[in-house]
Amino acid sequence: MSAIDFNLSQIRGVVFDVDGVLSPSTIPMDADGHPLRMVNIKDGYALQLAVKRGLKIAIITGADSSAIEVRYRALGITDIFTKASRKIPLLKGWLSDNGLIPEEIAYVGDDIPDYEAMTHVGLPVAPADAAPEIKQIARYISPVAGGYGVARDLLEQLLRDRGEWMTDHHAFGW
């Protein structure tokens, strides 16, 4: 049974922010001032499985980092939008390009740049340490902080609801 008070069977796609969602809000920087993001391996497992199961997955981030593209393409995600100064136009374009409607989408965000996009989807989701304004509009607040399994939490519940968690050979490998 899901902890999310929403009809999960209608979700066909999930959009993730990166900093504060797929990586912690606090990140180290190298000597040249470039962020060194951490990733959660359990998030990675759930992301690649969700792609294999046919969920549409997108990344929309303001970050400018080739490492983000490398990481998430390796998991099978092809819709990766970086350097997003405003996220809502990219979200609307992604919906149109994929034949999706807002009610079929979960969007996971943690801070003000995600606000507008989160109000445009059926299931806005926030990590436990999201900004107060984001928590106010979230329909589900994950019990874990950004970077520590938010994607796993949401995707596992979605795939369990669909009967696609640990059900065949796809579940036991990368």
# chains A, B, ... in the order shown; residues from 1 in each chain; ligands from 1

$ residues_around --residues "Val108 (chain A)" --least-positions-apart "3" --cutoff "10 Å" --atoms "only C-alpha atoms" --output "list of chain:residue names"
A:Val14, A:Val15, A:Phe16, A:Asp17, A:Val18, A:Gly20, A:Val21, A:Leu22, A:Ile59, A:Ile60, A:Ile105, A:Asp111, A:Asp114, A:Ala117, A:Met118, A:Leu123, A:Pro124, A:Val125, A:Ala126, A:Pro127, A:Ile134, A:Ala138, A:Tyr140, A:Ile141, A:Ser142, A:Gly146, A:Val150, A:Ala151, A:Leu154

$ write_last_selection --atoms "N, CA and C atoms" --output "short mmCIF file (atom, residue, chain, number, x, y, z; two decimals), in the first residue's frame"
data_model
loop_
_atom_site.label_atom_id
_atom_site.label_comp_id
_atom_site.auth_asym_id
_atom_site.auth_seq_id
_atom_site.Cartn_x
_atom_site.Cartn_y
_atom_site.Cartn_z
N VAL A 14 7.48 11.11 -14.74
CA VAL A 14 8.01 11.77 -13.55
C VAL A 14 9.15 12.68 -13.97
N VAL A 15 9.13 13.89 -13.44
CA VAL A 15 10.18 14.88 -13.70
C VAL A 15 10.91 15.13 -12.39
N PHE A 16 12.24 15.16 -12.47
CA PHE A 16 13.07 15.40 -11.30
C PHE A 16 13.96 16.62 -11.50
N ASP A 17 14.04 17.44 -10.45
CA ASP A 17 15.09 18.44 -10.33
C ASP A 17 16.34 17.66 -9.89
N VAL A 18 17.50 18.30 -9.92
CA VAL A 18 18.72 17.63 -9.49
C VAL A 18 19.15 18.10 -8.10
N GLY A 20 19.24 19.22 -4.58
CA GLY A 20 18.23 19.22 -3.53
C GLY A 20 17.19 18.12 -3.69
N VAL A 21 17.24 17.39 -4.81
CA VAL A 21 16.31 16.28 -5.06
C VAL A 21 17.09 15.00 -5.32
N LEU A 22 17.80 14.95 -6.44
CA LEU A 22 18.62 13.78 -6.76
C LEU A 22 20.01 13.87 -6.16
N ILE A 59 14.65 14.96 -16.55
CA ILE A 59 15.42 15.75 -15.60
C ILE A 59 15.33 17.19 -16.09
N ILE A 60 14.91 18.10 -15.21
CA ILE A 60 14.92 19.53 -15.54
C ILE A 60 15.65 20.24 -14.41
N ILE A 105 1.45 13.44 -14.50
CA ILE A 105 2.85 13.69 -14.18
C ILE A 105 3.05 13.94 -12.69
N ASP A 111 12.73 23.61 -4.29
CA ASP A 111 12.94 25.03 -4.02
C ASP A 111 12.14 25.90 -5.00
N ASP A 114 11.32 25.47 -8.73
CA ASP A 114 10.44 24.35 -9.08
C ASP A 114 8.96 24.68 -8.89
N ALA A 117 6.44 24.96 -12.00
CA ALA A 117 6.26 23.66 -12.66
C ALA A 117 5.46 22.70 -11.78
N MET A 118 5.72 22.74 -10.49
CA MET A 118 5.01 21.83 -9.58
C MET A 118 3.52 22.12 -9.52
N LEU A 123 0.75 15.46 -9.54
CA LEU A 123 1.33 15.01 -8.27
C LEU A 123 2.65 15.73 -7.99
N PRO A 124 2.58 16.89 -7.34
CA PRO A 124 3.81 17.56 -6.92
C PRO A 124 4.38 16.88 -5.66
N VAL A 125 5.68 16.58 -5.71
CA VAL A 125 6.35 15.84 -4.64
C VAL A 125 7.54 16.65 -4.14
N ALA A 126 7.78 16.60 -2.84
CA ALA A 126 8.90 17.33 -2.24
C ALA A 126 9.70 16.41 -1.33
N PRO A 127 11.02 16.61 -1.27
CA PRO A 127 11.82 15.91 -0.26
C PRO A 127 11.52 16.49 1.13
N ILE A 134 7.49 25.10 -1.04
CA ILE A 134 7.34 23.89 -1.85
C ILE A 134 6.54 22.84 -1.09
N ALA A 138 3.07 20.70 -2.20
CA ALA A 138 3.30 19.27 -2.46
C ALA A 138 2.10 18.44 -2.02
N TYR A 140 2.62 15.19 -1.86
CA TYR A 140 3.34 14.15 -1.11
C TYR A 140 4.70 14.72 -0.71
N ILE A 141 5.03 14.60 0.58
CA ILE A 141 6.35 14.98 1.08
C ILE A 141 7.04 13.70 1.50
N SER A 142 8.12 13.39 0.80
CA SER A 142 8.87 12.17 1.10
C SER A 142 9.46 12.26 2.51
N GLY A 146 16.48 15.39 0.26
CA GLY A 146 16.99 15.39 -1.10
C GLY A 146 18.38 14.75 -1.17
N VAL A 150 14.96 10.12 -2.43
CA VAL A 150 13.63 10.63 -2.79
C VAL A 150 13.10 9.94 -4.05
N ALA A 151 13.97 9.79 -5.06
CA ALA A 151 13.52 9.13 -6.29
C ALA A 151 13.14 7.68 -6.01
N LEU A 154 9.64 7.52 -4.25
CA LEU A 154 8.51 7.75 -5.15
C LEU A 154 8.38 6.64 -6.19
#

$ residues_around --residues "Leu55 (chain A)" --least-positions-apart "2" --cutoff "6 Å" --atoms "only C-alpha atoms" --output "list in words"
Arg12, Gly13, Ala50, Val51 and Arg53 of chain A

$ residues_around --residues "Thr167 (chain A)" --least-positions-apart "5" --cutoff "12 Å" --atoms "only C-alpha atoms" --output "VMD selection string"
chain A and resid 49 53 159 to 160 162 172

$ select_by_dssp --residues "chain A" --states "alpha helix (DSSP H)" --output "PyMOL selection string"
chain A and resi 41-52+66-74+88-97+112-118+132-137+150-161

$ residues_around --residues "Leu100 (chain A)" --least-positions-apart "6" --cutoff "12 Å" --atoms "only C-alpha atoms" --output "JSON, numbers by chain"
{"A": [10, 11, 12, 13, 14, 55, 56, 57, 91, 92, 93, 94, 106, 121, 122]}

$ residues_around --residues "region 34-38 of chain A" --least-positions-apart "2" --cutoff "8 Å" --atoms "only C-alpha atoms" --output "number ranges by chain"
A: 19, 23-24, 27-32, 40, 147

$ atom_distance --atom1 "CA of Gln136 (chain A)" --atom2 "CA of Ile88 (chain A)"
18.6 Å

$ closest_residue --among "A:Asn7, A:Leu47, A:Met166, A:Ser2" --to "Gly149 (chain A)" --atoms "only C-alpha atoms"
A:Leu47

$ select_by_dssp --residues "region 16-69 of chain A" --states "strand (DSSP E or B)" --output "list in words"
Phe16, Asp19, Ser23, Met29, Pro35, Lys56, Ile57, Ala58, Ile59 and Ile60 of chain A

$ atom_distance --atom1 "CA of Arg139 (chain A)" --atom2 "CA of Arg73 (chain A)"
28.4 Å

$ atom_distance --atom1 "CA of Lys83 (chain A)" --atom2 "CA of Ala67 (chain A)"
12.9 Å

$ closest_residue --among "A:Lys87, A:Val70, A:Tyr148, A:Trp165" --to "Ile41 (chain A)" --atoms "only C-alpha atoms"
A:Tyr148
